[in-house]
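Visitor: Sharing input_23.cif below, mmCIF, N, CA and C atoms:
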data_target
loop_
_atom_site.label_atom_id
_atom_site.label_comp_id
_atom_site.auth_asym_id
_atom_site.auth_seq_id
_atom_site.Cartn_x
_atom_site.Cartn_y
_atom_site.Cartn_z
N MET A 1 -13.33 38.64 66.10
CA MET A 1 -12.95 40.02 66.27
C MET A 1 -12.79 40.68 64.90
N VAL A 2 -13.31 41.88 64.74
CA VAL A 2 -13.24 42.61 63.48
C VAL A 2 -11.93 43.37 63.42
N GLU A 3 -11.26 43.25 62.27
CA GLU A 3 -10.01 43.96 62.07
C GLU A 3 -10.29 45.46 61.97
N PRO A 4 -9.54 46.29 62.67
CA PRO A 4 -9.75 47.74 62.53
C PRO A 4 -9.30 48.19 61.15
N LYS A 5 -10.06 49.13 60.56
CA LYS A 5 -9.71 49.65 59.25
C LYS A 5 -8.50 50.56 59.36
N HIS A 6 -7.74 50.57 58.30
CA HIS A 6 -6.61 51.49 58.23
C HIS A 6 -7.18 52.90 58.18
N PRO A 7 -6.57 53.86 58.88
CA PRO A 7 -7.13 55.22 58.96
C PRO A 7 -7.35 55.88 57.59
N SER A 8 -6.54 55.52 56.58
CA SER A 8 -6.68 56.19 55.29
C SER A 8 -7.66 55.47 54.36
N ALA A 9 -8.26 54.37 54.82
CA ALA A 9 -9.15 53.58 53.96
C ALA A 9 -10.40 54.33 53.55
N GLU A 10 -10.79 55.32 54.31
CA GLU A 10 -12.02 56.05 54.03
C GLU A 10 -11.80 57.35 53.28
N ARG A 11 -10.57 57.60 52.83
CA ARG A 11 -10.32 58.85 52.14
C ARG A 11 -9.38 58.63 50.96
N GLY A 12 -9.30 59.63 50.12
CA GLY A 12 -8.39 59.56 48.99
C GLY A 12 -9.07 59.12 47.70
N PHE A 13 -8.31 59.22 46.63
CA PHE A 13 -8.81 58.94 45.29
C PHE A 13 -9.34 57.52 45.15
N ALA A 14 -8.63 56.55 45.69
CA ALA A 14 -9.02 55.14 45.55
C ALA A 14 -10.35 54.83 46.23
N SER A 15 -10.71 55.62 47.24
CA SER A 15 -11.96 55.34 47.94
C SER A 15 -13.17 55.97 47.25
N MET A 16 -12.95 56.81 46.25
CA MET A 16 -14.05 57.47 45.53
C MET A 16 -14.76 56.50 44.60
N ASP A 17 -16.01 56.80 44.29
CA ASP A 17 -16.72 55.95 43.34
C ASP A 17 -16.12 56.20 41.94
N PRO A 18 -16.21 55.21 41.05
CA PRO A 18 -15.56 55.29 39.73
C PRO A 18 -15.98 56.51 38.90
N ASP A 19 -17.24 56.94 38.99
CA ASP A 19 -17.66 58.12 38.22
C ASP A 19 -16.92 59.38 38.66
N LYS A 20 -16.75 59.51 39.96
CA LYS A 20 -16.04 60.68 40.49
C LYS A 20 -14.56 60.61 40.07
N GLN A 21 -13.97 59.43 40.11
CA GLN A 21 -12.58 59.28 39.68
C GLN A 21 -12.43 59.68 38.21
N ARG A 22 -13.35 59.21 37.36
CA ARG A 22 -13.30 59.55 35.93
C ARG A 22 -13.42 61.06 35.73
N SER A 23 -14.32 61.68 36.48
CA SER A 23 -14.54 63.13 36.36
C SER A 23 -13.26 63.90 36.69
N ILE A 24 -12.60 63.50 37.75
CA ILE A 24 -11.36 64.17 38.15
C ILE A 24 -10.26 63.92 37.11
N ALA A 25 -10.13 62.69 36.66
CA ALA A 25 -9.11 62.35 35.67
C ALA A 25 -9.35 63.10 34.36
N ARG A 26 -10.59 63.24 33.96
CA ARG A 26 -10.94 63.95 32.73
C ARG A 26 -10.48 65.41 32.82
N LYS A 27 -10.68 66.02 33.98
CA LYS A 27 -10.27 67.42 34.16
C LYS A 27 -8.76 67.58 33.96
N GLY A 28 -8.00 66.61 34.40
CA GLY A 28 -6.55 66.66 34.21
C GLY A 28 -6.19 66.63 32.74
N GLY A 29 -6.86 65.80 31.98
CA GLY A 29 -6.60 65.74 30.55
C GLY A 29 -7.04 66.99 29.83
N GLU A 30 -8.12 67.60 30.28
CA GLU A 30 -8.63 68.81 29.63
C GLU A 30 -7.80 70.04 29.96
N SER A 31 -6.99 69.97 30.99
CA SER A 31 -6.24 71.15 31.41
C SER A 31 -5.12 71.49 30.43
N VAL A 32 -4.73 70.56 29.58
CA VAL A 32 -3.70 70.82 28.59
C VAL A 32 -4.38 71.04 27.24
N PRO A 33 -4.14 72.20 26.61
CA PRO A 33 -4.78 72.43 25.31
C PRO A 33 -4.32 71.40 24.29
N SER A 34 -5.19 71.04 23.36
CA SER A 34 -4.88 69.98 22.40
C SER A 34 -3.64 70.28 21.59
N PHE A 35 -3.38 71.55 21.28
CA PHE A 35 -2.21 71.87 20.47
C PHE A 35 -0.90 71.67 21.23
N LYS A 36 -0.98 71.49 22.56
CA LYS A 36 0.24 71.27 23.35
C LYS A 36 0.44 69.80 23.70
N ARG A 37 -0.49 68.97 23.33
CA ARG A 37 -0.35 67.54 23.62
C ARG A 37 0.60 66.94 22.60
N SER A 38 1.72 66.42 23.07
CA SER A 38 2.77 65.99 22.15
C SER A 38 2.31 64.88 21.21
N PHE A 39 1.48 63.97 21.67
CA PHE A 39 1.04 62.89 20.79
C PHE A 39 0.10 63.41 19.71
N ALA A 40 -0.67 64.45 20.03
CA ALA A 40 -1.57 65.02 19.04
C ALA A 40 -0.77 65.74 17.95
N GLN A 41 0.37 66.27 18.31
CA GLN A 41 1.20 67.01 17.37
C GLN A 41 2.16 66.11 16.60
N ASN A 42 2.50 64.97 17.18
CA ASN A 42 3.51 64.12 16.58
C ASN A 42 3.08 62.66 16.62
N PRO A 43 2.34 62.20 15.60
CA PRO A 43 1.87 60.82 15.60
C PRO A 43 3.00 59.79 15.65
N GLU A 44 4.16 60.15 15.08
CA GLU A 44 5.29 59.21 15.12
C GLU A 44 5.77 59.01 16.56
N LEU A 45 5.76 60.08 17.35
CA LEU A 45 6.12 59.98 18.76
C LEU A 45 5.14 59.07 19.50
N ALA A 46 3.87 59.21 19.17
CA ALA A 46 2.85 58.35 19.79
C ALA A 46 3.07 56.89 19.41
N ALA A 47 3.39 56.66 18.13
CA ALA A 47 3.63 55.29 17.67
C ALA A 47 4.85 54.69 18.37
N GLN A 48 5.90 55.50 18.50
CA GLN A 48 7.11 55.02 19.20
C GLN A 48 6.79 54.65 20.64
N ALA A 49 6.00 55.48 21.30
CA ALA A 49 5.65 55.21 22.69
C ALA A 49 4.83 53.92 22.79
N GLY A 50 3.94 53.73 21.86
CA GLY A 50 3.14 52.51 21.85
C GLY A 50 3.99 51.27 21.64
N ARG A 51 4.92 51.36 20.69
CA ARG A 51 5.83 50.23 20.45
C ARG A 51 6.68 49.95 21.68
N LYS A 52 7.17 51.02 22.31
CA LYS A 52 8.02 50.86 23.49
C LYS A 52 7.23 50.18 24.62
N GLY A 53 6.00 50.62 24.81
CA GLY A 53 5.15 50.01 25.83
C GLY A 53 4.87 48.55 25.53
N GLY A 54 4.59 48.27 24.27
CA GLY A 54 4.31 46.90 23.87
C GLY A 54 5.52 45.99 24.02
N ALA A 55 6.70 46.55 23.77
CA ALA A 55 7.93 45.76 23.88
C ALA A 55 8.20 45.34 25.32
N ASN A 56 7.65 46.06 26.27
CA ASN A 56 7.85 45.73 27.68
C ASN A 56 6.98 44.57 28.15
N VAL A 57 6.05 44.15 27.32
CA VAL A 57 5.18 43.03 27.67
C VAL A 57 5.73 41.77 27.01
N PRO A 58 6.00 40.72 27.77
CA PRO A 58 6.51 39.49 27.17
C PRO A 58 5.54 38.95 26.11
N ALA A 59 6.07 38.40 25.04
CA ALA A 59 5.25 37.93 23.91
C ALA A 59 4.13 36.99 24.36
N GLU A 60 4.42 36.13 25.32
CA GLU A 60 3.40 35.16 25.76
C GLU A 60 2.25 35.82 26.52
N LYS A 61 2.43 37.08 26.91
CA LYS A 61 1.36 37.77 27.64
C LYS A 61 0.62 38.79 26.77
N ARG A 62 0.99 38.89 25.52
CA ARG A 62 0.31 39.81 24.60
C ARG A 62 -0.94 39.12 24.10
N SER A 63 -2.07 39.54 24.60
CA SER A 63 -3.31 38.80 24.33
C SER A 63 -3.64 38.72 22.85
N PHE A 64 -3.41 39.77 22.07
CA PHE A 64 -3.77 39.72 20.66
C PHE A 64 -2.86 38.79 19.88
N SER A 65 -1.60 38.67 20.29
CA SER A 65 -0.71 37.76 19.57
C SER A 65 -1.03 36.31 19.93
N GLN A 66 -1.66 36.09 21.06
CA GLN A 66 -2.01 34.74 21.47
C GLN A 66 -3.40 34.33 21.00
N ASP A 67 -4.27 35.30 20.82
CA ASP A 67 -5.67 35.01 20.48
C ASP A 67 -6.10 35.93 19.35
N HIS A 68 -5.93 35.44 18.11
CA HIS A 68 -6.22 36.27 16.94
C HIS A 68 -7.71 36.58 16.82
N SER A 69 -8.57 35.72 17.32
CA SER A 69 -10.00 36.02 17.25
C SER A 69 -10.34 37.18 18.18
N LEU A 70 -9.62 37.29 19.30
CA LEU A 70 -9.81 38.42 20.21
C LEU A 70 -9.38 39.72 19.51
N ALA A 71 -8.28 39.67 18.79
CA ALA A 71 -7.81 40.85 18.05
C ALA A 71 -8.83 41.24 16.98
N ALA A 72 -9.35 40.26 16.26
CA ALA A 72 -10.34 40.55 15.22
C ALA A 72 -11.60 41.15 15.82
N GLN A 73 -12.01 40.59 16.93
CA GLN A 73 -13.22 41.09 17.62
C GLN A 73 -13.00 42.54 18.06
N ALA A 74 -11.84 42.85 18.60
CA ALA A 74 -11.55 44.22 19.03
C ALA A 74 -11.52 45.17 17.84
N GLY A 75 -10.96 44.71 16.73
CA GLY A 75 -10.91 45.53 15.53
C GLY A 75 -12.30 45.83 15.00
N ARG A 76 -13.14 44.81 14.97
CA ARG A 76 -14.53 45.02 14.50
C ARG A 76 -15.26 45.99 15.42
N LYS A 77 -15.08 45.80 16.73
CA LYS A 77 -15.75 46.68 17.70
C LYS A 77 -15.29 48.12 17.50
N GLY A 78 -14.00 48.31 17.31
CA GLY A 78 -13.48 49.65 17.08
C GLY A 78 -14.03 50.25 15.80
N GLY A 79 -14.10 49.45 14.75
CA GLY A 79 -14.63 49.93 13.48
C GLY A 79 -16.10 50.28 13.57
N GLU A 80 -16.84 49.50 14.33
CA GLU A 80 -18.28 49.74 14.46
C GLU A 80 -18.58 51.00 15.26
N SER A 81 -17.61 51.47 16.05
CA SER A 81 -17.85 52.67 16.86
C SER A 81 -17.83 53.94 16.01
N VAL A 82 -17.36 53.83 14.78
CA VAL A 82 -17.32 54.97 13.87
C VAL A 82 -18.52 54.88 12.92
N PRO A 83 -19.28 55.97 12.77
CA PRO A 83 -20.43 55.93 11.86
C PRO A 83 -20.00 55.54 10.45
N ARG A 84 -20.81 54.77 9.77
CA ARG A 84 -20.47 54.22 8.45
C ARG A 84 -19.99 55.30 7.47
N GLU A 85 -20.66 56.45 7.47
CA GLU A 85 -20.29 57.50 6.52
C GLU A 85 -18.93 58.14 6.82
N LYS A 86 -18.38 57.86 8.01
CA LYS A 86 -17.07 58.41 8.36
C LYS A 86 -15.95 57.39 8.24
N ARG A 87 -16.26 56.20 7.83
CA ARG A 87 -15.24 55.16 7.66
C ARG A 87 -14.58 55.37 6.31
N SER A 88 -13.39 55.91 6.30
CA SER A 88 -12.76 56.29 5.03
C SER A 88 -12.55 55.09 4.11
N PHE A 89 -12.23 53.94 4.66
CA PHE A 89 -11.98 52.79 3.80
C PHE A 89 -13.27 52.28 3.16
N SER A 90 -14.40 52.42 3.84
CA SER A 90 -15.65 51.96 3.24
C SER A 90 -16.12 52.94 2.17
N GLN A 91 -15.65 54.16 2.24
CA GLN A 91 -16.03 55.18 1.26
C GLN A 91 -15.04 55.27 0.10
N ASN A 92 -13.81 54.86 0.35
CA ASN A 92 -12.76 55.04 -0.64
C ASN A 92 -11.95 53.74 -0.74
N HIS A 93 -12.36 52.87 -1.66
CA HIS A 93 -11.71 51.56 -1.77
C HIS A 93 -10.27 51.66 -2.26
N ALA A 94 -9.96 52.68 -3.06
CA ALA A 94 -8.58 52.87 -3.51
C ALA A 94 -7.67 53.18 -2.33
N LEU A 95 -8.17 53.99 -1.39
CA LEU A 95 -7.40 54.31 -0.19
C LEU A 95 -7.17 53.06 0.65
N ALA A 96 -8.19 52.22 0.75
CA ALA A 96 -8.06 50.97 1.50
C ALA A 96 -7.02 50.06 0.85
N ALA A 97 -7.05 49.96 -0.47
CA ALA A 97 -6.08 49.12 -1.17
C ALA A 97 -4.66 49.64 -0.99
N GLN A 98 -4.53 50.96 -1.06
CA GLN A 98 -3.22 51.57 -0.88
C GLN A 98 -2.68 51.29 0.53
N ALA A 99 -3.53 51.41 1.54
CA ALA A 99 -3.11 51.14 2.92
C ALA A 99 -2.74 49.68 3.09
N GLY A 100 -3.49 48.80 2.49
CA GLY A 100 -3.18 47.38 2.57
C GLY A 100 -1.84 47.04 1.95
N ARG A 101 -1.57 47.65 0.78
CA ARG A 101 -0.27 47.41 0.14
C ARG A 101 0.86 47.94 1.00
N LYS A 102 0.66 49.14 1.55
CA LYS A 102 1.70 49.75 2.40
C LYS A 102 1.96 48.87 3.63
N GLY A 103 0.90 48.39 4.24
CA GLY A 103 1.06 47.51 5.41
C GLY A 103 1.75 46.21 5.06
N GLY A 104 1.40 45.66 3.91
CA GLY A 104 2.02 44.42 3.48
C GLY A 104 3.50 44.56 3.19
N GLU A 105 3.90 45.73 2.69
CA GLU A 105 5.31 45.96 2.38
C GLU A 105 6.18 45.98 3.63
N SER A 106 5.58 46.28 4.78
CA SER A 106 6.37 46.36 6.01
C SER A 106 6.70 44.99 6.59
N VAL A 107 6.09 43.94 6.04
CA VAL A 107 6.33 42.57 6.50
C VAL A 107 7.35 41.92 5.57
N PRO A 108 8.42 41.34 6.12
CA PRO A 108 9.41 40.67 5.25
C PRO A 108 8.74 39.59 4.40
N ALA A 109 9.21 39.44 3.17
CA ALA A 109 8.60 38.51 2.21
C ALA A 109 8.47 37.10 2.79
N GLU A 110 9.47 36.66 3.55
CA GLU A 110 9.42 35.28 4.07
C GLU A 110 8.36 35.10 5.15
N LYS A 111 7.80 36.20 5.66
CA LYS A 111 6.77 36.10 6.69
C LYS A 111 5.37 36.38 6.14
N ARG A 112 5.26 36.65 4.86
CA ARG A 112 3.94 36.92 4.26
C ARG A 112 3.29 35.59 3.92
N SER A 113 2.29 35.22 4.69
CA SER A 113 1.70 33.90 4.51
C SER A 113 1.07 33.73 3.14
N PHE A 114 0.50 34.77 2.55
CA PHE A 114 -0.12 34.63 1.24
C PHE A 114 0.92 34.42 0.15
N SER A 115 2.11 35.01 0.32
CA SER A 115 3.15 34.81 -0.71
C SER A 115 3.72 33.40 -0.62
N LEU A 116 3.60 32.78 0.53
CA LEU A 116 4.11 31.42 0.69
C LEU A 116 3.06 30.36 0.37
N ASP A 117 1.80 30.73 0.49
CA ASP A 117 0.72 29.76 0.32
C ASP A 117 -0.38 30.36 -0.54
N ARG A 118 -0.29 30.13 -1.86
CA ARG A 118 -1.26 30.69 -2.81
C ARG A 118 -2.67 30.16 -2.55
N GLY A 119 -2.78 28.93 -2.08
CA GLY A 119 -4.10 28.37 -1.77
C GLY A 119 -4.78 29.15 -0.65
N LEU A 120 -3.99 29.52 0.35
CA LEU A 120 -4.52 30.31 1.46
C LEU A 120 -4.97 31.68 0.96
N ALA A 121 -4.20 32.27 0.06
CA ALA A 121 -4.56 33.57 -0.50
C ALA A 121 -5.87 33.48 -1.27
N ALA A 122 -6.01 32.44 -2.08
CA ALA A 122 -7.24 32.26 -2.87
C ALA A 122 -8.44 32.06 -1.96
N GLN A 123 -8.25 31.26 -0.92
CA GLN A 123 -9.33 31.00 0.04
C GLN A 123 -9.76 32.31 0.72
N ALA A 124 -8.80 33.12 1.13
CA ALA A 124 -9.12 34.40 1.77
C ALA A 124 -9.84 35.32 0.80
N GLY A 125 -9.41 35.33 -0.44
CA GLY A 125 -10.06 36.16 -1.45
C GLY A 125 -11.51 35.76 -1.67
N ARG A 126 -11.73 34.45 -1.77
CA ARG A 126 -13.12 33.98 -1.93
C ARG A 126 -13.97 34.35 -0.72
N LYS A 127 -13.42 34.16 0.47
CA LYS A 127 -14.15 34.48 1.68
C LYS A 127 -14.48 35.98 1.74
N GLY A 128 -13.50 36.81 1.37
CA GLY A 128 -13.74 38.26 1.35
C GLY A 128 -14.80 38.63 0.33
N GLY A 129 -14.78 37.99 -0.80
CA GLY A 129 -15.79 38.26 -1.84
C GLY A 129 -17.17 37.87 -1.40
N GLU A 130 -17.28 36.76 -0.67
CA GLU A 130 -18.58 36.32 -0.15
C GLU A 130 -19.13 37.35 0.85
N ASN A 131 -18.28 37.86 1.71
CA ASN A 131 -18.72 38.84 2.71
C ASN A 131 -19.14 40.15 2.06
N ARG A 132 -18.49 40.51 0.99
CA ARG A 132 -18.79 41.77 0.33
C ARG A 132 -20.11 41.71 -0.43
N SER A 133 -20.46 40.56 -0.93
CA SER A 133 -21.69 40.45 -1.73
C SER A 133 -22.95 40.37 -0.88
N ARG A 134 -22.78 40.28 0.42
CA ARG A 134 -23.95 40.18 1.31
C ARG A 134 -24.59 41.51 1.55
#
In structure tokens, what does this structure look like?

Guide:
Amino acid sequence: MVEPKHPSAERGFASMDPDKQRSIARKGGESVPSFKRSFAQNPELAAQAGRKGGANVPAEKRSFSQDHSLAAQAGRKGGESVPREKRSFSQNHALAAQAGRKGGESVPAEKRSFSLDRGLAAQAGRKGGENRSR
């Protein structure tokens, strides 16, 4: 015997094909002018929201913290989506160095693996140099 379908199974947002769902969702996002979008106006607010959302996920379920190669792969994919001439770090090495120093300063000294292991730092430097010369 075939189970009767629930009366609402044939209607509503969930029953639409994914393209139609995306189209409707896009219209909702476009209805607010960019200057009124709080995250567009306040990057710190966006960062806080991201941290808050991330804090709600248990550490063992954070895929990037569990699989560093997955994080690296996602980073490369994101970087590749930007045309080479628009990648500010590839165009301005001083800016890249400055950002790296700033990022490094936010990590406590006892957690900086290169400050604890000079051999690891040298190995990473050599590896980076090899990639750059290609």

Visitor: What is the distance between CA of Leu45 (chain A) and CA of Gly28 (chain A), in Å to one decimal?

Guide: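 Those two atoms sit 21.1 Å apart.
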
Visitor: Have a look at CA of Leu95 (chain A) and atom C of Gly129 (chain A) and let me know their distance in Å, one decimal.

Guide: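 For CA of Leu95 (chain A) relative to atom C of Gly129 (chain A), the distance reads 19.2 Å.
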
Visitor: Give the alpha helix (DSSP H) residues of chain A, as DSSP finds them on the backbone, and put them as a ChimeraX atom specification.

Guide: /A:18-30,38-41,43-55,63-66,68-80,88-91,93-105,113-116,118-132

Visitor: Give me, please, the distance in Å between CA of Gly12 (chain A) and CA of Ala25 (chain A), quoted to one decimal.

Guide: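 We find that CA of Gly12 (chain A) and CA of Ala25 (chain A) lie 13.6 Å from each other.
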
Visitor: Just want the 12 Å neighbourhood of Phe64 (chain A), counted on only C-alpha atoms, with same-chain residues fewer than 6 positions away dropped. Output as a short mmCIF file (atom, residue, chain, number, x, y, z; two decimals) with N, CA and C atoms, in the coordinates of the input.

Guide:
data_model
loop_
_atom_site.label_atom_id
_atom_site.label_comp_id
_atom_site.auth_asym_id
_atom_site.auth_seq_id
_atom_site.Cartn_x
_atom_site.Cartn_y
_atom_site.Cartn_z
N GLY A 54 4.59 48.27 24.27
CA GLY A 54 4.31 46.90 23.87
C GLY A 54 5.52 45.99 24.02
N VAL A 57 6.05 44.15 27.32
CA VAL A 57 5.18 43.03 27.67
C VAL A 57 5.73 41.77 27.01
N LEU A 70 -9.62 37.29 19.30
CA LEU A 70 -9.81 38.42 20.21
C LEU A 70 -9.38 39.72 19.51
N ALA A 71 -8.28 39.67 18.79
CA ALA A 71 -7.81 40.85 18.05
C ALA A 71 -8.83 41.24 16.98
N ALA A 72 -9.35 40.26 16.26
CA ALA A 72 -10.34 40.55 15.22
C ALA A 72 -11.60 41.15 15.82
N GLN A 73 -12.01 40.59 16.93
CA GLN A 73 -13.22 41.09 17.62
C GLN A 73 -13.00 42.54 18.06
N ALA A 74 -11.84 42.85 18.60
CA ALA A 74 -11.55 44.22 19.03
C ALA A 74 -11.52 45.17 17.84
N GLY A 75 -10.96 44.71 16.73
CA GLY A 75 -10.91 45.53 15.53
C GLY A 75 -12.30 45.83 15.00
#
